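Note: the block below is work_24.cif and it holds mmCIF, C-alpha atoms.
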data_final
loop_
_atom_site.group_PDB
_atom_site.id
_atom_site.type_symbol
_atom_site.label_atom_id
_atom_site.label_comp_id
_atom_site.auth_asym_id
_atom_site.auth_seq_id
_atom_site.Cartn_x
_atom_site.Cartn_y
_atom_site.Cartn_z
ATOM 1 C CA MET A 224 112.267 104.662 143.724
ATOM 2 C CA ASP A 225 114.132 105.564 146.896
ATOM 3 C CA LYS A 226 115.864 102.519 148.404
ATOM 4 C CA ASP A 227 115.050 103.677 151.953
ATOM 5 C CA LYS A 228 111.326 103.620 151.198
ATOM 6 C CA ASN A 229 111.559 100.088 149.858
ATOM 7 C CA ALA A 230 113.532 98.973 152.902
ATOM 8 C CA CYS A 231 110.822 100.275 155.228
ATOM 9 C CA LEU A 232 108.123 98.408 153.376
ATOM 10 C CA SER A 233 110.077 95.197 153.002
ATOM 11 C CA THR A 234 109.005 94.346 156.535
ATOM 12 C CA SER A 235 105.386 95.109 155.659
ATOM 13 C CA TYR A 236 102.904 93.194 157.737
ATOM 14 C CA THR A 237 100.373 90.866 156.144
ATOM 15 C CA SER A 238 97.196 90.546 158.165
ATOM 16 C CA THR A 239 95.858 87.110 159.030
ATOM 17 C CA LYS A 240 92.318 88.319 158.345
ATOM 18 C CA THR A 241 90.579 86.810 155.353
ATOM 19 C CA TYR A 242 88.146 88.613 153.139
ATOM 20 C CA GLU A 243 85.734 87.124 150.675
ATOM 21 C CA ASP A 244 86.613 88.171 147.164
ATOM 22 C CA ASP A 245 83.302 87.777 145.440
ATOM 23 C CA ILE A 246 82.523 89.589 142.217
ATOM 24 C CA THR A 247 80.874 92.500 144.058
ATOM 25 C CA SER A 248 84.069 93.313 145.912
ATOM 26 C CA ILE A 249 86.212 93.940 142.819
ATOM 27 C CA PHE A 250 86.712 97.524 141.699
ATOM 28 C CA THR A 251 88.123 99.136 138.575
ATOM 29 C CA TRP A 252 90.635 101.978 138.916
ATOM 30 C CA ALA A 253 87.927 104.658 138.665
ATOM 31 C CA GLU A 254 85.659 102.855 141.141
ATOM 32 C CA PHE A 255 88.575 102.288 143.498
ATOM 33 C CA THR A 256 89.633 105.940 143.636
ATOM 34 C CA LYS A 257 86.010 107.022 144.080
ATOM 35 C CA GLU A 258 85.136 104.463 146.772
ATOM 36 C CA ALA A 259 88.402 104.997 148.657
ATOM 37 C CA ASP A 260 87.946 108.778 148.363
ATOM 38 C CA ILE A 261 91.564 109.037 147.274
ATOM 39 C CA THR A 262 93.335 111.044 144.615
ATOM 40 C CA GLU A 263 94.885 109.224 141.685
ATOM 41 C CA GLU A 264 98.272 110.603 142.713
ATOM 42 C CA ARG A 265 98.086 109.130 146.232
ATOM 43 C CA ALA A 266 96.771 105.801 144.903
ATOM 44 C CA LYS A 267 99.705 105.648 142.471
ATOM 45 C CA GLU A 268 102.092 106.325 145.369
ATOM 46 C CA PHE A 269 100.629 103.390 147.317
ATOM 47 C CA LEU A 270 101.068 101.172 144.244
ATOM 48 C CA GLU A 271 104.654 102.345 143.657
ATOM 49 C CA LEU A 272 105.493 101.703 147.318
ATOM 50 C CA GLY A 273 104.214 98.170 146.888
ATOM 51 C CA TRP A 274 101.738 98.683 149.725
ATOM 52 C CA LEU A 275 98.777 98.122 147.442
ATOM 53 C CA GLN A 276 98.740 95.492 144.750
ATOM 54 C CA ALA A 277 96.147 95.100 142.045
ATOM 55 C CA ALA A 278 93.898 92.070 142.518
ATOM 56 C CA ASN A 279 94.717 90.858 139.024
ATOM 57 C CA ALA A 280 98.508 91.325 139.318
ATOM 58 C CA GLU A 281 100.953 88.461 139.708
ATOM 59 C CA SER A 282 102.739 88.468 143.074
ATOM 60 C CA ASP A 283 106.169 88.853 141.459
ATOM 61 C CA GLN A 284 104.983 91.446 138.952
ATOM 62 C CA ALA A 285 106.148 95.041 139.283
ATOM 63 C CA PRO A 286 103.280 97.418 140.068
ATOM 64 C CA THR A 287 101.717 98.793 136.924
ATOM 65 C CA LEU A 288 98.662 100.858 136.263
ATOM 66 C CA GLU A 289 96.431 100.276 133.292
ATOM 67 C CA HIS A 290 93.273 102.250 134.025
ATOM 68 C CA ASP A 291 90.999 99.934 132.074
ATOM 69 C CA LYS A 292 92.576 96.670 133.320
ATOM 70 C CA THR A 293 93.710 97.252 136.915
ATOM 71 C CA LEU A 294 91.342 95.765 139.508
ATOM 72 C CA PHE A 295 91.253 96.145 143.288
ATOM 73 C CA ARG A 296 89.627 94.220 146.137
ATOM 74 C CA GLN A 297 87.300 95.604 148.805
ATOM 75 C CA ILE A 298 90.051 95.362 151.433
ATOM 76 C CA ASP A 299 92.240 97.617 149.274
ATOM 77 C CA VAL A 300 89.486 100.233 149.318
ATOM 78 C CA PHE A 301 89.315 100.111 153.124
ATOM 79 C CA LYS A 302 93.083 100.228 153.547
ATOM 80 C CA ALA A 303 93.565 103.070 151.068
ATOM 81 C CA ARG A 304 90.729 105.096 152.567
ATOM 82 C CA LYS A 305 92.148 104.710 156.073
ATOM 83 C CA ALA A 306 95.706 105.540 155.023
ATOM 84 C CA ASN A 307 94.596 108.495 152.923
ATOM 85 C CA ARG A 308 92.538 109.874 155.806
ATOM 86 C CA LEU A 309 95.535 109.635 158.145
ATOM 87 C CA CYS A 310 97.758 111.326 155.588
ATOM 88 C CA MET A 311 95.290 114.136 155.016
ATOM 89 C CA ASP A 312 94.394 114.715 158.680
ATOM 90 C CA PHE A 313 97.961 114.686 159.958
ATOM 91 C CA GLU A 314 99.694 116.002 156.827
ATOM 92 C CA MET A 315 101.878 112.909 156.498
ATOM 93 C CA PRO A 316 103.479 111.345 153.427
ATOM 94 C CA SER A 317 101.931 108.226 151.896
ATOM 95 C CA LEU A 318 104.655 106.002 153.304
ATOM 96 C CA ALA A 319 103.827 107.028 156.876
ATOM 97 C CA GLY A 320 100.113 106.413 156.357
ATOM 98 C CA ALA A 321 100.791 102.961 154.905
ATOM 99 C CA ILE A 322 103.032 101.990 157.824
ATOM 100 C CA ILE A 323 100.468 103.177 160.387
ATOM 101 C CA VAL A 324 97.652 101.191 158.759
ATOM 102 C CA ASP A 325 99.846 98.074 158.739
ATOM 103 C CA LEU A 326 100.640 98.581 162.433
ATOM 104 C CA LEU A 327 96.959 99.070 163.279
ATOM 105 C CA GLU A 328 96.121 95.795 161.502
ATOM 106 C CA ARG A 329 98.883 94.040 163.438
ATOM 107 C CA ILE A 330 97.502 95.362 166.732
ATOM 108 C CA ASP A 331 94.002 94.145 165.816
ATOM 109 C CA ASP A 332 95.343 90.682 165.019
ATOM 110 C CA LEU A 333 97.352 90.483 168.242
ATOM 111 C CA GLU A 334 94.362 91.578 170.312
ATOM 112 C CA ALA A 335 92.249 88.890 168.627
ATOM 113 C CA LEU A 336 94.911 86.289 169.461
ATOM 114 C CA LEU A 337 94.938 87.366 173.090
ATOM 115 C CA LYS A 338 91.164 87.053 173.304
ATOM 116 C CA GLU A 339 91.334 83.544 171.847
ATOM 117 C CA LYS A 340 93.878 82.474 174.469
ATOM 118 C CA GLU A 341 91.798 83.775 177.381
#

Spit out the file's structure as structure tokens when you get a sec.
Amino acid sequence: MDKDKNACLSTSYTSTKTYEDDITSIFTWAEFTKEADITEERAKEFLELGWLQAANAESDQAPTLEHDKTLFRQIDVFKARKANRLCMDFEMPSLAGAIIVDLLERIDDLEALLKEKE
């Protein structure tokens, strides 16, 4: 993988939002690509970039894809759908879409913090 791509994502933002991970919010690979309305190729790019991580993967584990074993959370569906839509609408690469979604989440969190302080 290109070192420049990894460098850009090394500063990836982690939202402070919490999401309930009940059994209904876990998706298999096929369900994930269908629900996120994303091609397998784009989903694999997000995994290779390290932007998406399987729900059942260890945090220090390299991204892998085993169609029958890889599981995703509901938040991953939302993020992938949003990033994919940006990429498709504006003809951007996956990396750009991932960065924009991270920045949008950061803005939402900062706005919520401002409202709390008012």

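The space between atom CA of Trp252 of chain A and atom CA of Ile323 of chain A spans 23.6 Å.
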
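Counting all atoms listed in the file, the residue from A:Glu341, A:Glu254, A:Glu328, A:Cys310 that sits nearest to Gln297 of chain A is A:Glu254.
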
- Using only C-alpha atoms, which of A:Ala306, A:Leu294, A:Lys340, A:Arg265 sits nearest Ser248 of chain A?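 Looking only at the distances to Ser248 of chain A, the closest residue turns out to be A:Leu294.
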
- Within 9 Å of Thr293 of chain A, counting only C-alpha atoms, which residues qualify if same-chain residues fewer than 6 places away don't, as a count of residues only? 8

- Query: Which residues come within 12 Å of Lys305 of chain A, counting all atoms listed in the file, excluding same-chain residues fewer than 5 positions away, as number ranges by chain?
  - Reply: A: 258-261, 298-300, 310-312, 317, 319-325, 327-328

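Note that atom CA of Lys338 of chain A and atom CA of Lys302 of chain A are 23.8 Å apart.
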
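Evaluated against this file, the PyMOL selection byres ((chain A and resi 268) around 12) yields Met224, Lys228, Ile261, Thr262, Glu263, Glu264, Arg265, Ala266, Lys267, Phe269, Leu270, Glu271, Leu272, Gly273, Trp274, Leu275, Gln276, Pro286, Thr287, Leu288, Ala303, Ala306, Asn307, Pro316, Ser317, Leu318, Ala319, Gly320 and Ala321 of chain A.
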
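The interatomic distance for the pair atom CA of Phe295 of chain A and atom CA of Ala253 of chain A works out to 10.2 Å.
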
Produce the centre coordinates and the three edge lengths, each in Å to one decimal, of the box along x, y and z that contains all listed atoms of segment 313-321 of chain A with 3 Å added on each side, as AutoDock Vina command-line options.
--center_x 101.3 --center_y 109.5 --center_z 155.9 --size_x 12.7 --size_y 19.0 --size_z 14.1
